[in-house]
Amino acid sequence: MRIGSRILQRRAGLAAALAALVLLGALFIAPFAFMVSTSLKPEDRIFSETVEWIPRSPVWANYAAALEAFPFLLYLRNTLLVCGLTVVGTLLSSSLPAYGFSRLRWRGRDPLFFVMLATLMLPVQVTMLPQFLMFRNLGWTGTFLPLVVPPFFGNAFAIFLLRQFFLSIPQELSDAARLDGCSEARILWQIVAPLSRPALVTVGLFAFIGAWTDFLNPLVYLTDESTYTLALGLQTFIGRHSSEWHLLMAAATVVTLPLMVVFFLAQKTFIQGISLGGVKG
Amino acid sequence: MKERARERRKTIQGLLFISPWLIGFLIFTLYPITASLYYSFCDFRVLTPPRWIGWGNFQALLTDRDYFLPSLYNTLFMLGELPVALVLGVGMALLLNQRLPGIGLFRTLYYVPSVMPTVAVAVLWMWILNPEYGLVNAALRPVLAPLGLQAPGWLADPAWSKPAFMLMDLWAVGGSVVIYLAGLQGISPHLYEAAELDGAGAWQKTRHVTLPQLSPVIFYNLIIGVIATFQYFTQTFIMTNGGPQNSTLFYSLHLFHNAFRDFRMGQACAMAWILFLITLGATVALFRSSARWVYYEGERGG
């Protein structure tokens with residue numbers, strides 16, 4: 001009897017949880033739905049006080065018009081260039097230090113690691129302005145260099161995540177390889193890195209999302225419209241078509257979509273990477 | 001002697017491995033920090049060389065009732081969204097931690113707004129918050145109209161512009177939910193089994209097992225939240241650029257205006273250092289308080 005009521009109670013609890021999930025889910029998806037539905041409406045049907053979720057006759061031409069109104073393909077190419085270099089740079093320049101901070105023992109390692117962690121506390125605003133002046137003196141403003149060169153010099157957060165992951169790999173594997181005369185670089189490349197795929201994917205994905213959505217750096221450094229990234233291009237687009245919401249929503253959808261695709265493809269490894277690499281207390 | 005040579009070789013090897021970061025640290029962090037500290041005590045307008053003025057920038061800022069102090073108050077006001085985000089974030093993580101059909105879909109659904117490009121979020125919410133044709137007021141009007149109330153003007157109304165930004169930020173709460181979720185999944189099932197043997201119900205398990213075990217993650221998210229609030233920039237830059245009546249002139253936006261619109265680099269650097277001290281102070285204060293409410297593994301009692 002008691003067990004029966006417990007099961008009933010549990011069922012009721014799960015049903016309530018499911019109801020809450022669906023309700024909240026609807027609230028969270030509503031803005032997306034509104035974006036897509038606006039992007040498919042003819043101009044004269046946007047301004048209505050009641051929401052028409054599913055446009056009676058979707059106007060796909062809005063997408064063509066939006067993509068024509070700003071050089072989408074050029075900006076996509078620029079963005080992919082910046083993202084690609086950022087991902088490659090971050091992975092290369094963060095896995096080496098992460099290895100040095102976790103799998104090797106040497107004097108001065110821990111104080112330096114502490115310094116690196118301390119830099120995570122530093123607001124970008126503190127370093128941003130002298131960096132800007134530095135890049136300006138080098139003549140780098142207006143080029144991609146200020147965006148893609150720093151990622152090749154290690155990212156503290158990425159190094160931290162990778163280090164935590166590297167620490168969880170049994171030391172015996174490295175010891176055995178060392179006995180066979182393997183160099184440390186080869187151990188990283190052939191043993192530690194392949195075992196750390198989820199962490200590497202997570203770091204790569206963070207780098208990609210970060211570069212794709214970055215607005216401040218392109219805003220400061222990219223002065224020529226032909227070098228704009230999608231984020232910056234979209235902002236310019238907002239300024240020029242401020243009340244053409246159907247076009248704006250189409251553009252916003254297009255800029256968001258590739259990121260969603262990448263996220264869906266990588267999400268399993270990504271969530272695994274977060275929980276294993278441990279932002280655990 | 002041989003031992004020493006080996007030690008040295010190991011240190012050199014270690015330094016070689018970390019050299020990408022170390023070189024980057026020297027060029028992109030240590031030098032800029034030093035320069036920025038120096039500039040913060042200078043009158044520096046980019047085109048002319050910096051001129052030492054002592055505490056001048058800091059004095060000017062702390063007595064600036066038109067821009068600096070309002071930007072500070074506006075930002076402090078925005079900290080009010082952190083407790084709401086915390087309750088909502090933990091609640092959603094608890095829901096998403098259930099074993100239910102289609103849970104993976106819900107997890108993705110809640111997470112996606114937080115990875116959407118900020119500029120796209122900004123333009124979407126400018127539309128959603130549109131007083132006449134936006135989604136929010138379309139939902140509010142049927143509720144407010146019978147009470148004889150007007151729907152808010154959101155971004156167009158100084159009284160409602162900050163809540164408008166809060167609403168938008170809460171939509172992206174999923175970013176912290178994944179971290180809470182990772183924390184929840186790290187809690188040992190044995191703790192729950194032990195609690196059940198002691199006859200604990202669902203609420204008691206949440207109160208005495210889940211929340212204490214999750215407290216380090218809550219603590220981490222709070223610190224990140226404070227830092228993020230002070231660095232809030234892109235959304236205000238695009239959606240309001242500080243208006244109406246400076247009601248959304250947040251700290252980092254004012255810093256940006258100072259540096260890149262008015263070319264007052266010295267004053268902008270001083271602002272960056274004040275920002276650093278504020279976030280450092282907040283972190284230290286949170287750490288101090290954490291002894292009372294954050295539970296760490298291996299501690300006695302808890």
# chains A, B, ... in the order shown; residues from 1 in each chain; ligands from 1

$ residues_around --residues "Ala33 in chain A" --least-positions-apart "6" --cutoff "10 Å" --atoms "only C-alpha atoms" --output "PDB file with N, CA and C atoms, in the first residue's frame"
ATOM      1  N   ALA A  26       8.268  26.396 -24.008  1.00  0.00           N
ATOM      2  CA  ALA A  26       7.479  27.247 -24.903  1.00  0.00           C
ATOM      3  C   ALA A  26       7.911  28.701 -24.764  1.00  0.00           C
ATOM      4  N   SER A  39      10.390  36.765 -40.203  1.00  0.00           N
ATOM      5  CA  SER A  39      11.270  36.772 -41.377  1.00  0.00           C
ATOM      6  C   SER A  39      10.546  36.268 -42.621  1.00  0.00           C
ATOM      7  N   TRP A  53       1.470  33.541 -35.786  1.00  0.00           N
ATOM      8  CA  TRP A  53       2.667  32.704 -35.660  1.00  0.00           C
ATOM      9  C   TRP A  53       3.076  32.094 -36.987  1.00  0.00           C
ATOM     10  N   ILE A  54       2.078  31.549 -37.701  1.00  0.00           N
ATOM     11  CA  ILE A  54       2.420  30.906 -38.976  1.00  0.00           C
ATOM     12  C   ILE A  54       1.896  31.766 -40.119  1.00  0.00           C
TER      13      ILE A  54
END

$ residues_around --residues "Ser37 in chain A" --least-positions-apart "2" --cutoff "9 Å" --atoms "only C-alpha atoms" --output "PyMOL selection string"
chain A and resi 32-35+39-41+52-55+58+246+249

$ interface_residues --of "chain A" --to "chain B" --cutoff "6 Å" --atoms "only C-alpha atoms" --output "ChimeraX atom specification"
/A:47-49,93,96-97,100,106-107,125-127,130,153-154,213,231,252,256,275,281

$ atom_distance --atom1 "CA of Ile191 in chain A" --atom2 "CA of Leu161 in chain A"
17.8 Å

$ residues_around --residues "Leu79 in chain B" --least-positions-apart "2" --cutoff "9 Å" --atoms "only C-alpha atoms" --output "MDAnalysis selection string"
chainID B and resid 75:77 81:83 225:226 229:230

$ select_by_dssp --residues "range 24-191 of chain A" --states "alpha helix (DSSP H)" --output "JSON, numbers by chain"
{"A": [24, 25, 26, 27, 28, 29, 30, 31, 32, 33, 34, 35, 36, 37, 38, 39, 61, 62, 63, 64, 65, 66, 67, 68, 69, 72, 73, 74, 75, 76, 77, 78, 79, 80, 81, 82, 83, 84, 85, 86, 87, 88, 89, 90, 91, 92, 93, 94, 95, 96, 97, 98, 99, 100, 101, 102, 109, 110, 111, 112, 113, 114, 115, 116, 117, 118, 119, 120, 124, 125, 126, 127, 128, 129, 130, 131, 132, 133, 134, 135, 136, 137, 145, 146, 147, 148, 156, 157, 158, 159, 160, 161, 162, 163, 164, 165, 166, 167, 171, 172, 173, 174, 175, 176, 177, 178, 179, 184, 185, 186, 187]}

$ residues_around --residues "Arg197 in chain A" --least-positions-apart "5" --cutoff "10 Å" --atoms "only C-alpha atoms" --output "list in words"
Phe165, Val192, Thr202, Val203, Thr269, Phe270 and Gly273 of chain A

$ write_last_selection --atoms "N, CA and C atoms" --output "mmCIF file, in the first residue's frame"
data_model
loop_
_atom_site.group_PDB
_atom_site.id
_atom_site.type_symbol
_atom_site.label_atom_id
_atom_site.label_comp_id
_atom_site.auth_asym_id
_atom_site.auth_seq_id
_atom_site.Cartn_x
_atom_site.Cartn_y
_atom_site.Cartn_z
ATOM 1 N N PHE A 165 41.582 18.085 -17.772
ATOM 2 C CA PHE A 165 41.313 16.832 -18.469
ATOM 3 C C PHE A 165 42.564 15.960 -18.535
ATOM 4 N N VAL A 192 48.139 11.417 -25.236
ATOM 5 C CA VAL A 192 47.271 12.284 -24.432
ATOM 6 C C VAL A 192 46.192 12.954 -25.291
ATOM 7 N N THR A 202 35.487 20.482 -27.001
ATOM 8 C CA THR A 202 34.866 21.550 -26.207
ATOM 9 C C THR A 202 35.627 22.858 -26.362
ATOM 10 N N VAL A 203 36.950 22.780 -26.228
ATOM 11 C CA VAL A 203 37.766 23.988 -26.345
ATOM 12 C C VAL A 203 37.649 24.577 -27.748
ATOM 13 N N THR A 269 29.566 15.569 -27.450
ATOM 14 C CA THR A 269 30.947 15.639 -26.989
ATOM 15 C C THR A 269 31.146 16.874 -26.126
ATOM 16 N N PHE A 270 30.444 17.943 -26.497
ATOM 17 C CA PHE A 270 30.580 19.222 -25.805
ATOM 18 C C PHE A 270 30.148 19.110 -24.344
ATOM 19 N N GLY A 273 32.480 17.071 -22.441
ATOM 20 C CA GLY A 273 33.710 17.817 -22.178
ATOM 21 C C GLY A 273 33.563 18.750 -21.002
#

$ closest_residue --among "A:Tyr75, A:Phe166, A:Phe28, A:Phe144" --to "Leu200 in chain A" --atoms "only C-alpha atoms"
A:Phe166

$ residues_around --residues "His208 in chain B" --least-positions-apart "4" --cutoff "10 Å" --atoms "only C-alpha atoms" --output "list of chain:residue names"
B:Leu191, B:Tyr192, B:Ala195, B:Ala200, B:Trp203, B:Gln204, B:Pro212, B:Gln213
